Amino acid sequence: MNSVIPDRCLPLFAALLTALASSASAVSIEEALALPKQWDKKVLNENVAPHWLPDGQSFWYQRQTADGKAEFVLIQAGTAQRKTAATREALDLPPPPSRRSSKEGVWTTGFSPKDTLPIKVTFVNQWQTDLELVWLDSHGLRISKGTLKKGGRVTKDTTKDARWWFFDAETKKSVSLMVMNEDGEEIFIDGKPSTAASVRAKGLSPDKQWVVSFKGNRASLLHQKTRQKVEIECDLPAKAALMGTVSWSPDSQSFMVPGVVDVERRKLTIVESLPKDSVQPKLKVVDYFKAGDALPKAVPVLFRMSDKKAIVMDDKLFPNPYATKSDLSVRWAPDGSEFYFDYNQRGHQLFRVIAVDARTGKARAVVEETSQTFIDYAYKTSQNWLHQTGELLWMSERSGWAHLWLYDVKTGKVKQQVTSGQWVVRKVLRMDEKNRQVWFMASGLKAGEDPCQRHLCRVNLDGAGFTQLTQGDGDHRVLFSPNTTWFIDTCSRADAAPISELRSSKDGSLVRVLEKADTSALLATGWQMPERFVAKGRDGKTDIHGVIFKPSHLDPTKKYPVIESVYAGPPRASSPKTFSLFSKQRQLAELGFIVVQADGMGTNYRGKVFHDVCWKNFKDSGFPDRIAWIKAAAQTRPWMDLSRMGIAGGSAGGGNAMRALLDYNDFYHAAFADSGAHDNRMNMIWWNESFMGWPVDESYVRSSNVADAAKLKGHLFLTTGELDTNVDPASTMQVVGALQKAGKTFEFMPIVGGGHCAALEAGSQYGLRMRMDFFVRRLLHGQN
């Protein structure tokens with residue numbers, strides 16, 4: 001009997017055949033979840049972590065061999081000689097460095113910087129109980145890394161300068177916090193930081209004669225030998241009190257304590273539904289400033305030892321500071337004649353570096369920076385002080401590009417624009433005051449390269465002698481030798497494994513190749529490099545850079561749905577510039593998707609005009625640029641099926657993903673939004689006021705997914721971790737409520753016990769499965 005397919009079913013039948021054909025060789029969801037284990041530890045020698053020896057001419061490092069063992073490598077930099085051995089003793093190398101928390105613990109929390117060298121560190125528990133190991137991430141958030149038994153030891157992957165916090169597992173109280181120094185070191189957690197370190201943190205003068213304490217408007221001085229007590233009162237503004245950090249002048253003749261008008265902190269209240277140690281839920285409350293909240297205001301109070309008097313500073317130059325801490329960070333001139341502090345005016349359109357005379361308390365502006373949009377204070381206000389010559393090297397975007405300017409500290413006048421051009425300075429690495437030179441990382445230097453790829457450069461402080469010290473189309477990470485005669489350059493791209501080389505700091509010339517990362521075992525699993533692609537953005541002129549991930553089983557005669565991985569947050573650029581496993585992108589690709597990722601206008605590191613697109617305009621998120629880029633890619637890649645277009649992101653990317661189905665639902669058809677920053681009024685203050693401005697105005701509403709929820713078209717999956725302290729989980733719940741009110745159909749699954757972006761974290765198998773299942777159903781199988 002012949003079967004006849006009704007005409008009305010033909011389109012659906014054709015779509016089903018296309019989906020089945022394109023996924024014929026694809027892996028299952030369970031197989032995709034298992035792929036990262038196949039790829040793990042399959043790349044050898046991605047990094048070189050050098051240990052320079054006291055002679056300053058040689059260093060050693062560990063490398064991995066193909067048989068899974070490690071060997072030691074000794075390099076003589078001057079002669080380029082290389083020796084290897086199976087043990088450190090065979091090369092007469094010193095034992096691993098070790099440090100103790102009781103001696104080198106720190107008292108301030110802080111955060112772990114990004115983009116530093118990956119290293120391994122061994123922790124040894126010599127405390128009286130088990131310890132909880134906590135890593136502080138780049139935002140200062142606490143990430144638990146497990147429990148270390150009493151007497152136990154464990155080796156952890158971390159990065160140089162990362163901060164780790166150790167808590168007593170029984171009392172939950174802090175034992176110590178330490179900053180990681182170098183690869184291979186052993187950290188003995190044997191107690192709290194020393195009393196001497198505690199006293200220094202609490203106000204011991206440099207000459208060790210006086211200790212300062214304070215309460216209300218009164219500072220108390222206690223002489224360490226005679227036990228003489230001196231009390232000094234100051235006339236503070238109404239509701240102000242002395243609090244924060246004591247900052248002594250180097251000559252012990254003056255000190256500064258902030259006088260602060262404090263405010264009540266907003267509380268972020270979240271419920272832990274399933275605690276590990278309780279049947280009943282637990283309430284967790286954390287301080288959490290949101291856009292528009294009242295902030296503390298600190299005024300420097302100068303105390304002079306000569307006459308035991310206090311001077312409360314006039315705030316004329318700093319009337320409305322942006323600050324979330326009840327403190328004030330200052331730096332002193334080496335001779336103690338004055339101190340300096342930053343004034344970042346709320347709204348981020350005025351930034352001053354202010355100097356205060358230690359004798360009179362009079363203030364003046366050393367630098368004043370203004371902007372009609374925003375000053376990127378977190379990344380582009382670096383300061384390098386040249387105290388011997390009374391100069392300050394300052395970074396500014398006043399020319400439209402991030403460059404270096406040399407100031408006369410006494411006059412507040414610009415002496416020299418040190419760098420210039422349509423490229424950006426990313427970071428100052430070192431200063432040579434004697435030879436008046438500066439080494440820095442820069443990007444956008446060469447046409448044809450990704451403008452976010454970093455290179456090492458050097459220039460004289462008079463603007464002459466500019467030299468680019470690294471070459472090659474890739475992103476460069478640089479480590480100087482202690483005497484700065486040499487540097488190790490590790491270069492990679494999203495589509496090129498790292499190569500580490502020893503080079504001369506004088507001219508960048510190659511001394512020798514140290515390591516070429518071995519990816520043979522990884523490639524043998526079927527893993528593939530992404531493809532880089534460049535196309536014009538919305539204006540038809542600006543190059544947009546990104547990458548394309550294809551299935552290893554790609555059949556160019558077939559069609560594959562496309563998923564965009566998105567994070568269009570203005571603080572950075574997110575499309576990959578360096579080599580990585582890209583596990584989350586590759587997992588989706590192996591399911592039978594094309595995965596794309598690019599940076600549109602509004603993201604960082606490409607000049608002020610490019611970046612300013614985000615100002616008071618988060619809803620734009622570079623969509624017009626990325627859509628043009630994706631369409632251009634599909635024109636020469638017929639296997640990209642844009643009729644089945646998805647998008648996925650977390651945090652700011654979660655907000656971006658939902659926005660795609662509000663404003664661009666003629667292009668996007670399915671969106672997965674994890675821990676979304678859906679409304680800038682609901683998220684952390686620094687991130688949102690930095691680019692949306694202050695006071696909170698109608699632009700916040702215009703960019704709100706909650707306000708625009710009724711515009712939703714397409715398939716939306718929302719998720720958030722119930723314990724998220726980065727983006728308030730209520731941000732997602734408010735979207736859920738708005739969608740329900742608008743009568744919209746969508747999917748929502750909170751992750752119990754999950755934190756920020758729990759559905760996108762490698763350890764969250766359930767969250768990753770949800771995402772895969774959603775796109776398989778909605779795009780591969782065409783489920784409506």
# chains A, B, ... in the order shown; residues from 1 in each chain; ligands from 1
$ residues_around --residues "A:Ser174" --least-positions-apart "3" --cutoff "12 Å" --atoms "only C-alpha atoms" --output "JSON, numbers by chain"
{"A": [101, 105, 106, 107, 108, 109, 127, 131, 132, 133, 134, 164, 165, 166, 167, 168, 169, 170, 171, 177, 178, 189, 191, 192, 193]}
$ write_last_selection --atoms "C-alpha atoms" --output "CSV table (one decimal), in the first residue's frame"
chain,number,residue,atom,x,y,z
A,101,SER,CA,50.7,31.0,56.6
A,105,GLY,CA,49.7,35.2,55.5
A,106,VAL,CA,47.9,38.4,54.6
A,107,TRP,CA,45.1,40.3,56.3
A,108,THR,CA,43.2,41.7,53.3
A,109,THR,CA,41.0,39.6,51.0
A,127,TRP,CA,46.4,23.3,61.4
A,131,LEU,CA,40.5,23.0,56.4
A,132,GLU,CA,38.1,24.3,53.8
A,133,LEU,CA,40.1,25.6,50.8
A,134,VAL,CA,38.5,28.7,49.2
A,164,TRP,CA,43.4,31.4,48.6
A,165,TRP,CA,41.6,31.5,51.9
A,166,PHE,CA,41.7,28.8,54.4
A,167,PHE,CA,38.9,28.2,56.9
A,168,ASP,CA,38.7,25.9,60.0
A,169,ALA,CA,36.2,23.3,58.8
A,170,GLU,CA,34.7,23.0,62.3
A,171,THR,CA,34.3,26.6,63.4
A,177,LEU,CA,44.8,34.0,53.5
A,178,MET,CA,47.7,33.7,51.1
A,189,ILE,CA,48.9,26.2,56.6
A,191,GLY,CA,48.3,29.2,61.8
A,192,LYS,CA,47.1,32.8,61.6
A,193,PRO,CA,49.4,35.6,60.3
$ select_by_dssp --residues "stretch 384-550 of chain A" --states "helix (DSSP H, G or I)" --output "PDB file with N, CA, C and O atoms, in the first residue's frame"
ATOM      1  N   SER A 520      49.000  16.534  19.787  1.00  0.00           N
ATOM      2  CA  SER A 520      48.756  15.326  18.991  1.00  0.00           C
ATOM      3  C   SER A 520      47.762  14.381  19.667  1.00  0.00           C
ATOM      4  O   SER A 520      46.877  13.824  19.005  1.00  0.00           O
ATOM      5  N   ALA A 521      47.886  14.197  20.970  1.00  0.00           N
ATOM      6  CA  ALA A 521      46.959  13.304  21.669  1.00  0.00           C
ATOM      7  C   ALA A 521      45.551  13.875  21.671  1.00  0.00           C
ATOM      8  O   ALA A 521      44.556  13.138  21.564  1.00  0.00           O
ATOM      9  N   LEU A 522      45.432  15.192  21.777  1.00  0.00           N
ATOM     10  CA  LEU A 522      44.120  15.830  21.735  1.00  0.00           C
ATOM     11  C   LEU A 522      43.478  15.663  20.358  1.00  0.00           C
ATOM     12  O   LEU A 522      42.306  15.286  20.234  1.00  0.00           O
ATOM     13  N   LEU A 523      44.233  15.941  19.315  1.00  0.00           N
ATOM     14  CA  LEU A 523      43.684  15.844  17.959  1.00  0.00           C
ATOM     15  C   LEU A 523      43.315  14.405  17.614  1.00  0.00           C
ATOM     16  O   LEU A 523      42.397  14.161  16.816  1.00  0.00           O
ATOM     17  N   ALA A 524      43.995  13.445  18.225  1.00  0.00           N
ATOM     18  CA  ALA A 524      43.697  12.041  17.969  1.00  0.00           C
ATOM     19  C   ALA A 524      42.315  11.643  18.478  1.00  0.00           C
ATOM     20  O   ALA A 524      41.741  10.657  18.021  1.00  0.00           O
TER      21      ALA A 524
END
$ closest_atom_pairs --of "stretch 620-674 of chain A" --to "stretch 536-543 of chain A" --cutoff "6 Å" --atoms "only C-alpha atoms" --output "Markdown table"
| residue | atom | partner | partner_atom | distance |
| --- | --- | --- | --- | --- |
| A:Pro624 | CA | A:Arg538 | CA | 5.5 |
| A:Asp625 | CA | A:Gly537 | CA | 4.2 |
| A:Ala628 | CA | A:Gly537 | CA | 5.8 |
$ write_last_selection --atoms "N, CA and C atoms" --output "mmCIF file, in the first residue's frame"
data_model
loop_
_atom_site.group_PDB
_atom_site.id
_atom_site.type_symbol
_atom_site.label_atom_id
_atom_site.label_comp_id
_atom_site.auth_asym_id
_atom_site.auth_seq_id
_atom_site.Cartn_x
_atom_site.Cartn_y
_atom_site.Cartn_z
ATOM 1 N N PRO A 624 23.659 44.103 15.990
ATOM 2 C CA PRO A 624 23.721 44.383 14.542
ATOM 3 C C PRO A 624 25.047 43.968 13.908
ATOM 4 N N ASP A 625 26.141 44.070 14.653
ATOM 5 C CA ASP A 625 27.451 43.676 14.129
ATOM 6 C C ASP A 625 27.573 42.163 14.036
ATOM 7 N N ALA A 628 25.385 40.642 11.286
ATOM 8 C CA ALA A 628 26.011 40.854 9.969
ATOM 9 C C ALA A 628 27.180 39.891 9.784
#
$ residues_around --residues "A:Ala378" --least-positions-apart "4" --cutoff "9 Å" --atoms "only C-alpha atoms" --output "ChimeraX atom specification"
/A:382,571,690
$ write_last_selection --atoms "N, CA, C and O atoms" --output "tab-separated table (two decimals), in the first residue's frame"
chain	number	residue	atom	x	y	z
A	382	SER	N	45.53	53.43	34.72
A	382	SER	CA	46.74	52.95	35.40
A	382	SER	C	47.69	54.10	35.70
A	382	SER	O	47.76	55.09	34.97
A	571	PRO	N	32.87	45.34	29.90
A	571	PRO	CA	34.22	45.39	30.50
A	571	PRO	C	35.31	44.70	29.69
A	571	PRO	O	36.48	44.99	29.88
A	690	SER	N	28.99	51.69	35.77
A	690	SER	CA	30.17	51.98	34.95
A	690	SER	C	29.81	52.36	33.53
A	690	SER	O	30.46	53.21	32.92
$ residues_around --residues "A:Lys225" --least-positions-apart "2" --cutoff "12 Å" --atoms "only C-alpha atoms" --output "ChimeraX atom specification"
/A:207-211,222-223,227-229
$ select_by_dssp --residues "stretch 540-741 of chain A" --states "strand (DSSP E)" --output "ChimeraX atom specification"
/A:543-549,560-565,594-598,640-650,670-674,715-719
$ atom_distance --atom1 "atom CA of A:Trp639" --atom2 "atom CA of A:Gln528"
17.2 Å
$ closest_residue --among "A:Arg153, A:Lys616, A:Arg331, A:Lys410" --to "A:Ser247" --atoms "only C-alpha atoms"
A:Arg331
$ atom_distance --atom1 "atom CA of A:Glu338" --atom2 "atom CA of A:Asn217"
22.8 Å
$ closest_residue --among "A:Ile544, A:Leu328, A:Val414, A:Ala90" --to "A:Thr245" --atoms "only C-alpha atoms"
A:Leu328
$ closest_atom_pairs --of "stretch 130-224 of chain A" --to "stretch 254-275 of chain A" --cutoff "12 Å" --atoms "only C-alpha atoms" --output "CSV"
residue,atom,partner,partner_atom,distance
A:Lys202,CA,A:Val257,CA,11.3
A:Gly203,CA,A:Phe255,CA,9.1
A:Leu204,CA,A:Phe255,CA,10.4
A:Ser205,CA,A:Phe255,CA,8.5
A:Pro206,CA,A:Phe255,CA,10.5
A:Asp207,CA,A:Ser254,CA,11.8
A:Trp210,CA,A:Phe255,CA,10.8
A:Val211,CA,A:Phe255,CA,10.8
A:Val212,CA,A:Phe255,CA,9.2
A:Ser213,CA,A:Val257,CA,9.8
A:Phe214,CA,A:Val257,CA,8.8
A:Lys215,CA,A:Gly259,CA,10.5
A:Gly216,CA,A:Gly259,CA,9.0
A:Asn217,CA,A:Gly259,CA,8.0
A:Arg218,CA,A:Gly259,CA,10.4
A:Ala219,CA,A:Val257,CA,8.7
A:Ser220,CA,A:Val257,CA,11.6
A:Leu221,CA,A:Phe255,CA,11.1
$ atom_distance --atom1 "atom CA of A:Gln471" --atom2 "atom CA of A:Asp161"
27.1 Å
$ residues_around --residues "stretch 663-665 of chain A" --least-positions-apart "4" --cutoff "7 Å" --atoms "only C-alpha atoms" --output "list in words"
Arg659, His669, Lys713 and Gly714 of chain A
$ write_last_selection --atoms "N, CA and C atoms" --output "CSV table (one decimal), in the first residue's frame"
chain,number,residue,atom,x,y,z
A,659,ARG,N,17.6,39.0,25.3
A,659,ARG,CA,17.3,40.1,24.4
A,659,ARG,C,17.2,39.8,22.9
A,669,HIS,N,15.9,32.1,17.0
A,669,HIS,CA,14.7,31.3,17.2
A,669,HIS,C,14.7,30.6,18.6
A,713,LYS,N,9.4,36.4,21.4
A,713,LYS,CA,9.0,35.5,20.3
A,713,LYS,C,10.1,34.5,20.2
A,714,GLY,N,9.7,33.2,20.1
A,714,GLY,CA,10.7,32.1,20.0
A,714,GLY,C,10.8,31.3,21.3
$ residues_around --residues "stretch 72-89 of chain A" --least-positions-apart "2" --cutoff "6 Å" --atoms "only C-alpha atoms" --output "ChimeraX atom specification"
/A:57-62,91-93
$ residues_around --residues "A:Thr155" --least-positions-apart "5" --cutoff "8 Å" --atoms "only C-alpha atoms" --output "MDAnalysis selection string"
chainID A and resid 120:123
$ write_last_selection --atoms "N, CA and C atoms" --output "compact mmCIF listing (two decimals), in the first residue's frame"
# COMPACT_ATOMS: atom_id res chain seq x y z
N LYS A 120 50.99 25.28 39.54
CA LYS A 120 50.52 24.27 40.48
C LYS A 120 51.13 24.57 41.84
N VAL A 121 50.31 24.46 42.88
CA VAL A 121 50.76 24.74 44.25
C VAL A 121 50.29 23.60 45.15
N THR A 122 51.13 23.20 46.08
CA THR A 122 50.78 22.14 47.03
C THR A 122 50.46 22.75 48.39
N PHE A 123 49.27 22.43 48.91
CA PHE A 123 48.86 22.89 50.23
C PHE A 123 49.06 21.76 51.23
$ closest_residue --among "A:Lys282, A:Lys290, A:Lys150, A:Arg644" --to "A:His715" --atoms "only C-alpha atoms"
A:Arg644
